[in-house]
file upload_13.tsv (TSV, N, CA, C and O atoms)
chain	number	residue	atom	x	y	z
A	1	MET	N	149.49	3.94	135.86
A	1	MET	CA	150.25	4.80	136.74
A	1	MET	C	151.03	5.83	135.94
A	1	MET	O	151.32	6.90	136.44
A	2	LYS	N	151.36	5.50	134.72
A	2	LYS	CA	152.17	6.37	133.90
A	2	LYS	C	151.50	7.71	133.62
A	2	LYS	O	152.18	8.74	133.69
A	3	PRO	N	150.20	7.81	133.33
A	3	PRO	CA	149.62	9.13	133.06
A	3	PRO	C	149.50	10.00	134.31
A	3	PRO	O	149.38	11.22	134.22
A	4	TYR	N	149.55	9.41	135.49
A	4	TYR	CA	149.42	10.20	136.72
A	4	TYR	C	150.76	10.73	137.25
A	4	TYR	O	150.78	11.59	138.13
A	5	LEU	N	151.86	10.24	136.74
A	5	LEU	CA	153.18	10.64	137.23
A	5	LEU	C	153.44	12.13	137.05
A	5	LEU	O	153.84	12.79	138.02
A	6	PRO	N	153.25	12.73	135.88
A	6	PRO	CA	153.48	14.19	135.76
A	6	PRO	C	152.55	14.99	136.66
A	6	PRO	O	152.95	16.02	137.23
A	7	SER	N	151.31	14.52	136.83
A	7	SER	CA	150.37	15.24	137.70
A	7	SER	C	150.83	15.18	139.16
A	7	SER	O	150.74	16.17	139.88
A	8	CYS	N	151.34	14.04	139.60
A	8	CYS	CA	151.83	13.91	140.98
A	8	CYS	C	153.07	14.79	141.20
A	8	CYS	O	153.17	15.45	142.25
A	9	ILE	N	153.96	14.80	140.25
A	9	ILE	CA	155.16	15.64	140.36
A	9	ILE	C	154.77	17.11	140.42
A	9	ILE	O	155.28	17.87	141.25
A	10	LEU	N	153.85	17.53	139.58
A	10	LEU	CA	153.38	18.91	139.56
A	10	LEU	C	152.69	19.27	140.87
A	10	LEU	O	152.89	20.35	141.42
A	11	LEU	N	151.89	18.37	141.40
A	11	LEU	CA	151.20	18.60	142.67
A	11	LEU	C	152.20	18.74	143.82
A	11	LEU	O	152.06	19.63	144.66
A	12	LEU	N	153.22	17.90	143.85
A	12	LEU	CA	154.25	17.99	144.88
A	12	LEU	C	155.04	19.30	144.76
A	12	LEU	O	155.37	19.93	145.77
A	13	LEU	N	155.32	19.71	143.53
A	13	LEU	CA	156.03	20.97	143.32
A	13	LEU	C	155.20	22.16	143.80
A	13	LEU	O	155.71	23.06	144.47
A	14	ILE	N	153.93	22.15	143.50
A	14	ILE	CA	153.04	23.23	143.95
A	14	ILE	C	152.94	23.25	145.47
A	14	ILE	O	152.97	24.31	146.10
A	15	ALA	N	152.85	22.07	146.08
A	15	ALA	CA	152.78	22.01	147.54
A	15	ALA	C	154.07	22.52	148.17
A	15	ALA	O	154.04	23.30	149.14
A	16	TYR	N	155.21	22.15	147.61
A	16	TYR	CA	156.50	22.61	148.14
A	16	TYR	C	156.62	24.12	148.03
A	16	TYR	O	157.01	24.80	148.99
A	17	LEU	N	156.31	24.66	146.89
A	17	LEU	CA	156.40	26.12	146.69
A	17	LEU	C	155.40	26.86	147.58
A	17	LEU	O	155.69	27.95	148.07
A	18	GLY	N	154.24	26.28	147.81
A	18	GLY	CA	153.26	26.91	148.70
A	18	GLY	C	153.74	26.97	150.13
A	18	GLY	O	153.58	27.98	150.82
A	19	VAL	N	154.35	25.88	150.60
A	19	VAL	CA	154.88	25.85	151.96
A	19	VAL	C	156.02	26.86	152.10
A	19	VAL	O	156.11	27.59	153.09
A	20	GLN	N	156.89	26.93	151.09
A	20	GLN	CA	157.99	27.90	151.14
A	20	GLN	C	157.49	29.34	151.09
A	20	GLN	O	158.07	30.22	151.72
A	21	ALA	N	156.44	29.59	150.34
A	21	ALA	CA	155.88	30.94	150.27
A	21	ALA	C	155.31	31.38	151.61
A	21	ALA	O	155.30	32.57	151.92
A	22	LEU	N	154.84	30.45	152.41
A	22	LEU	CA	154.29	30.80	153.72
A	22	LEU	C	155.35	30.83	154.82
A	22	LEU	O	155.39	31.76	155.62
A	23	THR	N	156.19	29.81	154.89
A	23	THR	CA	157.08	29.67	156.04
A	23	THR	C	158.54	29.86	155.71
A	23	THR	O	159.37	29.74	156.62
A	24	GLY	N	158.91	30.14	154.50
A	24	GLY	CA	160.31	30.29	154.13
A	24	GLY	C	160.94	31.53	154.75
A	24	GLY	O	160.32	32.29	155.49
A	25	GLU	N	162.21	31.73	154.44
A	25	GLU	CA	162.96	32.85	155.00
A	25	GLU	C	162.33	34.19	154.65
A	25	GLU	O	162.32	35.10	155.45
A	26	ARG	N	161.79	34.30	153.47
A	26	ARG	CA	161.11	35.54	153.05
A	26	ARG	C	159.62	35.31	152.85
A	26	ARG	O	158.97	36.00	152.08
A	27	GLY	N	159.09	34.36	153.56
A	27	GLY	CA	157.69	34.00	153.43
A	27	GLY	C	156.75	34.98	154.11
A	27	GLY	O	157.17	35.92	154.79
A	28	LEU	N	155.47	34.74	153.92
A	28	LEU	CA	154.45	35.63	154.46
A	28	LEU	C	154.40	35.62	155.98
A	28	LEU	O	154.08	36.62	156.61
A	29	LEU	N	154.71	34.51	156.61
A	29	LEU	CA	154.60	34.39	158.06
A	29	LEU	C	155.85	34.87	158.81
A	29	LEU	O	155.85	34.89	160.04
A	30	SER	N	156.91	35.24	158.10
A	30	SER	CA	158.14	35.68	158.78
A	30	SER	C	158.29	37.20	158.75
A	30	SER	O	159.38	37.71	158.95
A	31	GLY	N	157.22	37.93	158.55
A	31	GLY	CA	157.28	39.39	158.51
A	31	GLY	C	157.65	40.01	159.85
A	31	GLY	O	158.40	40.97	159.91
A	32	GLY	N	157.14	39.47	160.94
A	32	GLY	CA	157.47	39.98	162.27
A	32	GLY	C	158.94	39.82	162.60
A	32	GLY	O	159.56	40.70	163.21
A	33	GLU	N	159.51	38.71	162.19
A	33	GLU	CA	160.93	38.46	162.42
A	33	GLU	C	161.79	39.46	161.65
A	33	GLU	O	162.77	39.98	162.17
A	34	ARG	N	161.38	39.74	160.41
A	34	ARG	CA	162.11	40.73	159.61
A	34	ARG	C	161.99	42.12	160.22
A	34	ARG	O	162.96	42.89	160.24
A	35	ASP	N	160.82	42.46	160.74
A	35	ASP	CA	160.64	43.77	161.37
A	35	ASP	C	161.50	43.90	162.62
A	35	ASP	O	162.09	44.95	162.87
A	36	ALA	N	161.58	42.84	163.40
A	36	ALA	CA	162.42	42.87	164.61
A	36	ALA	C	163.89	43.03	164.24
A	36	ALA	O	164.62	43.79	164.89
A	37	MET	N	164.33	42.34	163.20
A	37	MET	CA	165.72	42.46	162.76
A	37	MET	C	165.99	43.88	162.25
A	37	MET	O	167.05	44.45	162.52
A	38	LEU	N	165.02	44.46	161.55
A	38	LEU	CA	165.18	45.83	161.05
A	38	LEU	C	165.33	46.80	162.21
A	38	LEU	O	166.17	47.70	162.18
A	39	GLU	N	164.54	46.64	163.26
A	39	GLU	CA	164.64	47.51	164.44
A	39	GLU	C	166.00	47.37	165.12
A	39	GLU	O	166.60	48.36	165.54
A	40	ARG	N	166.50	46.12	165.22
A	40	ARG	CA	167.82	45.90	165.83
A	40	ARG	C	168.91	46.58	165.00
A	40	ARG	O	169.81	47.22	165.55
A	41	ARG	N	168.82	46.44	163.69
A	41	ARG	CA	169.83	47.04	162.82
A	41	ARG	C	169.76	48.57	162.85
A	41	ARG	O	170.79	49.24	162.80
A	42	GLU	N	168.56	49.14	162.94
A	42	GLU	CA	168.43	50.59	163.03
A	42	GLU	C	169.01	51.11	164.34
A	42	GLU	O	169.67	52.16	164.37
A	43	ALA	N	168.81	50.38	165.44
A	43	ALA	CA	169.39	50.77	166.72
A	43	ALA	C	170.91	50.69	166.66
A	43	ALA	O	171.62	51.57	167.17
A	44	GLN	N	171.42	49.65	166.02
A	44	GLN	CA	172.86	49.49	165.87
A	44	GLN	C	173.43	50.62	165.02
A	44	GLN	O	174.48	51.17	165.34
A	45	LEU	N	172.73	50.99	163.95
A	45	LEU	CA	173.17	52.09	163.10
A	45	LEU	C	173.18	53.40	163.88
A	45	LEU	O	174.12	54.19	163.75
A	46	ALA	N	172.17	53.64	164.70
A	46	ALA	CA	172.12	54.86	165.50
A	46	ALA	C	173.31	54.93	166.46
A	46	ALA	O	173.93	55.99	166.62
A	47	ASN	N	173.66	53.79	167.09
A	47	ASN	CA	174.81	53.76	167.99
A	47	ASN	C	176.11	54.04	167.25
A	47	ASN	O	176.97	54.77	167.73
A	48	ILE	N	176.25	53.46	166.08
A	48	ILE	CA	177.47	53.65	165.29
A	48	ILE	C	177.58	55.10	164.83
A	48	ILE	O	178.66	55.70	164.87
A	49	LEU	N	176.46	55.71	164.40
A	49	LEU	CA	176.50	57.10	163.98
A	49	LEU	C	176.84	58.03	165.14
A	49	LEU	O	177.57	59.01	164.96
A	50	GLU	N	176.32	57.73	166.32
A	50	GLU	CA	176.63	58.53	167.51
A	50	GLU	C	178.12	58.42	167.85
A	50	GLU	O	178.77	59.43	168.15
A	51	GLU	N	178.66	57.21	167.77
A	51	GLU	CA	180.07	57.01	168.04
A	51	GLU	C	180.93	57.73	167.00
A	51	GLU	O	181.94	58.34	167.34
A	52	LYS	N	180.50	57.68	165.75
A	52	LYS	CA	181.22	58.37	164.67
A	52	LYS	C	181.25	59.87	164.92
A	52	LYS	O	182.28	60.52	164.76
A	53	GLN	N	180.11	60.42	165.32
A	53	GLN	CA	180.03	61.85	165.58
A	53	GLN	C	180.96	62.23	166.74
A	53	GLN	O	181.65	63.25	166.69
A	54	ASP	N	180.99	61.42	167.79
A	54	ASP	CA	181.87	61.68	168.92
A	54	ASP	C	183.33	61.64	168.49
A	54	ASP	O	184.13	62.50	168.89
A	55	LEU	N	183.69	60.66	167.66
A	55	LEU	CA	185.07	60.57	167.19
A	55	LEU	C	185.44	61.74	166.29
A	55	LEU	O	186.57	62.22	166.33
A	56	GLU	N	184.49	62.22	165.49
A	56	GLU	CA	184.76	63.38	164.65
A	56	GLU	C	185.02	64.63	165.49
A	56	GLU	O	185.90	65.42	165.17
A	57	VAL	N	184.25	64.79	166.58
A	57	VAL	CA	184.46	65.94	167.46
A	57	VAL	C	185.83	65.84	168.13
A	57	VAL	O	186.58	66.82	168.19
A	58	ARG	N	186.18	64.66	168.61
A	58	ARG	CA	187.49	64.47	169.23
A	58	ARG	C	188.61	64.74	168.23
A	58	ARG	O	189.63	65.34	168.57
A	59	MET	N	188.43	64.27	166.99
A	59	MET	CA	189.45	64.48	165.96
A	59	MET	C	189.61	65.96	165.67
A	59	MET	O	190.72	66.46	165.50
A	60	ARG	N	188.50	66.69	165.64
A	60	ARG	CA	188.55	68.12	165.37
A	60	ARG	C	189.35	68.84	166.46
A	60	ARG	O	190.12	69.75	166.18
A	61	TYR	N	189.19	68.42	167.72
A	61	TYR	CA	189.92	69.07	168.81
A	61	TYR	C	191.38	68.66	168.89
A	61	TYR	O	192.17	69.31	169.57
A	62	LEU	N	191.75	67.58	168.24
A	62	LEU	CA	193.14	67.15	168.26
A	62	LEU	C	193.94	67.64	167.06
A	62	LEU	O	195.12	67.33	166.94
A	63	ARG	N	193.33	68.41	166.17
A	63	ARG	CA	194.07	68.96	165.03
A	63	ARG	C	195.04	70.02	165.52
A	63	ARG	O	194.85	70.66	166.56
A	64	ARG	N	196.04	70.28	164.72
A	64	ARG	CA	197.10	71.20	165.10
A	64	ARG	C	196.59	72.63	165.31
A	64	ARG	O	197.02	73.32	166.21
A	65	GLY	N	195.65	73.07	164.49
A	65	GLY	CA	195.16	74.44	164.59
A	65	GLY	C	194.28	74.70	165.80
A	65	GLY	O	194.23	75.80	166.32
A	66	SER	N	193.57	73.69	166.27
A	66	SER	CA	192.65	73.89	167.40
A	66	SER	C	192.85	72.79	168.43
A	66	SER	O	191.93	72.05	168.76
A	67	LEU	N	194.04	72.68	168.93
A	67	LEU	CA	194.38	71.62	169.87
A	67	LEU	C	193.78	71.93	171.24
A	67	LEU	O	193.99	72.99	171.80
A	68	SER	N	193.02	71.00	171.76
A	68	SER	CA	192.43	71.14	173.08
A	68	SER	C	193.36	70.48	174.11
A	68	SER	O	193.61	69.28	174.05
A	69	ARG	N	193.86	71.28	175.03
A	69	ARG	CA	194.80	70.76	176.02
A	69	ARG	C	194.14	69.70	176.90
A	69	ARG	O	194.76	68.69	177.25
A	70	ASP	N	192.89	69.90	177.27
A	70	ASP	CA	192.20	68.93	178.12
A	70	ASP	C	192.04	67.58	177.42
A	70	ASP	O	192.25	66.53	178.02
A	71	LEU	N	191.64	67.63	176.15
A	71	LEU	CA	191.46	66.39	175.41
A	71	LEU	C	192.79	65.69	175.19
A	71	LEU	O	192.89	64.46	175.29
A	72	LEU	N	193.83	66.46	174.90
A	72	LEU	CA	195.16	65.88	174.72
A	72	LEU	C	195.63	65.21	176.01
A	72	LEU	O	196.16	64.09	175.99
A	73	GLU	N	195.41	65.87	177.14
A	73	GLU	CA	195.79	65.30	178.44
A	73	GLU	C	194.99	64.03	178.72
A	73	GLU	O	195.53	63.02	179.20
A	74	GLU	N	193.70	64.05	178.41
A	74	GLU	CA	192.86	62.86	178.63
A	74	GLU	C	193.35	61.69	177.80
A	74	GLU	O	193.44	60.56	178.29
A	75	ARG	N	193.68	61.93	176.54
A	75	ARG	CA	194.15	60.86	175.67
A	75	ARG	C	195.51	60.33	176.13
A	75	ARG	O	195.77	59.13	176.10
A	76	ALA	N	196.40	61.24	176.57
A	76	ALA	CA	197.71	60.81	177.05
A	76	ALA	C	197.56	59.94	178.29
A	76	ALA	O	198.24	58.92	178.43
A	77	ARG	N	196.64	60.31	179.18
A	77	ARG	CA	196.41	59.50	180.38
A	77	ARG	C	195.86	58.13	180.01
A	77	ARG	O	196.25	57.11	180.57
A	78	ALA	N	194.92	58.10	179.07
A	78	ALA	CA	194.29	56.83	178.69
A	78	ALA	C	195.28	55.92	177.97
A	78	ALA	O	195.34	54.72	178.26
A	79	VAL	N	196.06	56.49	177.05
A	79	VAL	CA	196.95	55.66	176.24
A	79	VAL	C	198.21	55.27	177.02
A	79	VAL	O	198.63	54.10	177.00
A	80	LEU	N	198.80	56.22	177.71
A	80	LEU	CA	200.07	55.97	178.39
A	80	LEU	C	199.91	55.49	179.82
A	80	LEU	O	200.86	55.03	180.43
A	81	GLY	N	198.72	55.65	180.37
A	81	GLY	CA	198.47	55.19	181.73
A	81	GLY	C	198.97	56.16	182.79
A	81	GLY	O	199.23	55.77	183.92
A	82	PHE	N	199.16	57.44	182.43
A	82	PHE	CA	199.62	58.44	183.39
A	82	PHE	C	198.46	58.96	184.21
A	82	PHE	O	197.32	58.95	183.78
A	83	ALA	N	198.78	59.46	185.41
A	83	ALA	CA	197.78	60.08	186.27
A	83	ALA	C	198.44	61.25	186.99
A	83	ALA	O	199.62	61.21	187.32
A	84	ASP	N	197.68	62.27	187.24
A	84	ASP	CA	198.14	63.43	188.00
A	84	ASP	C	198.24	63.00	189.47
A	84	ASP	O	197.39	62.26	189.96
A	85	PRO	N	199.26	63.46	190.18
A	85	PRO	CA	199.39	63.08	191.60
A	85	PRO	C	198.19	63.50	192.45
A	85	PRO	O	197.93	62.91	193.49
A	86	ARG	N	197.43	64.49	192.01
A	86	ARG	CA	196.27	64.95	192.77
A	86	ARG	C	195.01	64.16	192.44
A	86	ARG	O	193.97	64.36	193.05
A	87	ASP	N	195.08	63.27	191.47
A	87	ASP	CA	193.91	62.49	191.05
A	87	ASP	C	193.74	61.26	191.93
A	87	ASP	O	194.70	60.69	192.43
A	88	TYR	N	192.50	60.85	192.07
A	88	TYR	CA	192.18	59.57	192.69
A	88	TYR	C	191.97	58.57	191.57
A	88	TYR	O	191.12	58.77	190.71
A	89	VAL	N	192.73	57.51	191.57
A	89	VAL	CA	192.66	56.52	190.50
A	89	VAL	C	192.01	55.26	191.05
A	89	VAL	O	192.44	54.71	192.05
A	90	ILE	N	190.97	54.83	190.38
A	90	ILE	CA	190.29	53.60	190.75
A	90	ILE	C	190.44	52.63	189.58
A	90	ILE	O	189.95	52.88	188.49
A	91	ARG	N	191.12	51.55	189.81
A	91	ARG	CA	191.33	50.57	188.75
A	91	ARG	C	190.20	49.56	188.76
A	91	ARG	O	189.84	49.03	189.81
A	92	VAL	N	189.67	49.30	187.60
A	92	VAL	CA	188.58	48.35	187.45
A	92	VAL	C	189.06	47.25	186.52
A	92	VAL	O	189.50	47.51	185.41
A	93	ALA	N	188.96	46.02	186.99
A	93	ALA	CA	189.35	44.88	186.15
A	93	ALA	C	188.22	44.60	185.17
A	93	ALA	O	187.07	44.43	185.56
A	94	HIS	N	188.57	44.57	183.92
A	94	HIS	CA	187.59	44.25	182.89
A	94	HIS	C	187.49	42.74	182.77
A	94	HIS	O	188.48	42.05	182.61
A	95	SER	N	186.28	42.23	182.87
A	95	SER	CA	186.10	40.79	182.78
A	95	SER	C	185.87	40.42	181.33
A	95	SER	O	185.24	41.14	180.57
A	96	ASN	N	186.38	39.28	180.96
A	96	ASN	CA	186.19	38.75	179.62
A	96	ASN	C	184.81	38.10	179.55
A	96	ASN	O	184.47	37.30	180.41
A	97	PRO	N	183.98	38.45	178.54
A	97	PRO	CA	182.63	37.86	178.48
A	97	PRO	C	182.63	36.34	178.42
A	97	PRO	O	181.69	35.70	178.83
A	98	ARG	N	183.72	35.75	177.95
A	98	ARG	CA	183.78	34.29	177.88
A	98	ARG	C	184.01	33.68	179.25
A	98	ARG	O	183.72	32.52	179.48
A	99	ASP	N	184.59	34.49	180.19
A	99	ASP	CA	184.86	33.98	181.53
A	99	ASP	C	183.64	33.99	182.42
A	99	ASP	O	183.61	33.33	183.45
A	100	VAL	N	182.63	34.77	182.08
A	100	VAL	CA	181.43	34.89	182.90
A	100	VAL	C	180.57	33.63	182.73
A	100	VAL	O	180.24	33.25	181.63
A	101	LYS	N	180.24	33.01	183.84
A	101	LYS	CA	179.43	31.79	183.80
A	101	LYS	C	177.96	32.16	183.89
A	101	LYS	O	177.57	33.00	184.71
A	102	PRO	N	177.12	31.56	183.06
A	102	PRO	CA	175.68	31.86	183.16
A	102	PRO	C	175.11	31.34	184.47
A	102	PRO	O	175.51	30.30	184.97
A	103	GLN	N	174.16	32.11	185.01
A	103	GLN	CA	173.54	31.72	186.27
A	103	GLN	C	172.45	30.68	185.99
A	103	GLN	O	171.71	30.79	185.03
A	104	ALA	N	172.37	29.71	186.86
A	104	ALA	CA	171.34	28.69	186.74
A	104	ALA	C	170.03	29.25	187.28
A	104	ALA	O	169.98	29.89	188.32
A	105	SER	N	168.94	29.03	186.55
A	105	SER	CA	167.66	29.54	187.03
A	105	SER	C	166.74	28.43	187.44
A	105	SER	O	166.91	27.30	187.24

call {"tool": "encode", "arguments": {"input": "upload_13.tsv", "output": "structure tokens"}}
result
Amino acid sequence: MKPYLPSCILLLLIAYLGVQALTGERGLLSGGERDAMLERREAQLANILEEKQDLEVRMRYLRRGSLSRDLLEERARAVLGFADPRDYVIRVAHSNPRDVKPQAS
């Protein structure tokens, strides 16, 4: 049994590495999963860049040299909770995602 021990250990090591090469986190069979994650991250990046661009435009209009009265009024209403007497105000309760119960199917 002694001469076969190194061969058995080597065979088990080769089998383990082969299984990991196929099914591991970066294995050959997980390419579709990586592609799906890449698409999700690219969509998330596009949303973040769009939000950044919107914030840059708002920041540009709030500078002292080019102050936009409409944007300033909008921000004051949002932050301070003010409303013009001629406006119709509809209050919407924001629900907490943890409070929403999943529907049974």

call {"tool": "atom_distance", "arguments": {"input": "upload_13.tsv", "atom1": "atom O of Asp84 (chain A)", "atom2": "atom O of Asp70 (chain A)"}}
result
13.7 Å

call {"tool": "atom_distance", "arguments": {"input": "upload_13.tsv", "atom1": "CA of Arg63 (chain A)", "atom2": "CA of Ala76 (chain A)"}}
result
15.0 Å

call {"tool": "atom_distance", "arguments": {"input": "upload_13.tsv", "atom1": "atom C of Arg91 (chain A)", "atom2": "CA of Glu74 (chain A)"}}
result
16.9 Å

call {"tool": "select_by_dssp", "arguments": {"input": "upload_13.tsv", "residues": "region 12-92 of chain A", "states": "helix (DSSP H, G or I)", "output": "PyMOL selection string"}}
result
chain A and resi 12-23+28-61+69-80

call {"tool": "decode", "arguments": {"input": "upload_13.tsv", "residues": "region 33-52 of chain A", "atoms": "N, CA and C atoms", "output": "tab-separated table (two decimals), in the first residue's frame"}}
result
chain	number	residue	atom	x	y	z
A	33	GLU	N	-23.05	33.31	-15.56
A	33	GLU	CA	-23.31	34.02	-14.31
A	33	GLU	C	-22.48	35.30	-14.24
A	34	ARG	N	-21.22	35.20	-14.67
A	34	ARG	CA	-20.36	36.39	-14.69
A	34	ARG	C	-20.87	37.42	-15.69
A	35	ASP	N	-21.36	36.97	-16.84
A	35	ASP	CA	-21.89	37.89	-17.84
A	35	ASP	C	-23.13	38.60	-17.32
A	36	ALA	N	-23.99	37.87	-16.63
A	36	ALA	CA	-25.20	38.48	-16.06
A	36	ALA	C	-24.84	39.52	-15.00
A	37	MET	N	-23.86	39.21	-14.17
A	37	MET	CA	-23.42	40.17	-13.15
A	37	MET	C	-22.81	41.41	-13.81
A	38	LEU	N	-22.06	41.21	-14.89
A	38	LEU	CA	-21.47	42.34	-15.61
A	38	LEU	C	-22.56	43.24	-16.17
A	39	GLU	N	-23.61	42.67	-16.73
A	39	GLU	CA	-24.72	43.47	-17.26
A	39	GLU	C	-25.42	44.25	-16.15
A	40	ARG	N	-25.62	43.60	-14.99
A	40	ARG	CA	-26.25	44.30	-13.86
A	40	ARG	C	-25.39	45.47	-13.40
A	41	ARG	N	-24.09	45.25	-13.31
A	41	ARG	CA	-23.19	46.31	-12.86
A	41	ARG	C	-23.11	47.44	-13.88
A	42	GLU	N	-23.15	47.13	-15.18
A	42	GLU	CA	-23.13	48.18	-16.20
A	42	GLU	C	-24.41	49.00	-16.15
A	43	ALA	N	-25.56	48.37	-15.90
A	43	ALA	CA	-26.81	49.11	-15.76
A	43	ALA	C	-26.77	50.00	-14.53
A	44	GLN	N	-26.21	49.49	-13.45
A	44	GLN	CA	-26.09	50.26	-12.22
A	44	GLN	C	-25.16	51.46	-12.45
A	45	LEU	N	-24.07	51.25	-13.17
A	45	LEU	CA	-23.14	52.33	-13.48
A	45	LEU	C	-23.82	53.40	-14.34
A	46	ALA	N	-24.62	52.98	-15.31
A	46	ALA	CA	-25.32	53.93	-16.17
A	46	ALA	C	-26.29	54.78	-15.34
A	47	ASN	N	-27.00	54.16	-14.39
A	47	ASN	CA	-27.91	54.90	-13.52
A	47	ASN	C	-27.16	55.90	-12.65
A	48	ILE	N	-26.04	55.49	-12.12
A	48	ILE	CA	-25.25	56.37	-11.25
A	48	ILE	C	-24.69	57.54	-12.06
A	49	LEU	N	-24.21	57.28	-13.28
A	49	LEU	CA	-23.69	58.36	-14.11
A	49	LEU	C	-24.78	59.35	-14.50
A	50	GLU	N	-25.98	58.85	-14.77
A	50	GLU	CA	-27.11	59.72	-15.09
A	50	GLU	C	-27.48	60.59	-13.90
A	51	GLU	N	-27.48	60.00	-12.70
A	51	GLU	CA	-27.78	60.75	-11.50
A	51	GLU	C	-26.70	61.80	-11.24
A	52	LYS	N	-25.45	61.43	-11.48
A	52	LYS	CA	-24.33	62.36	-11.29
A	52	LYS	C	-24.47	63.55	-12.24
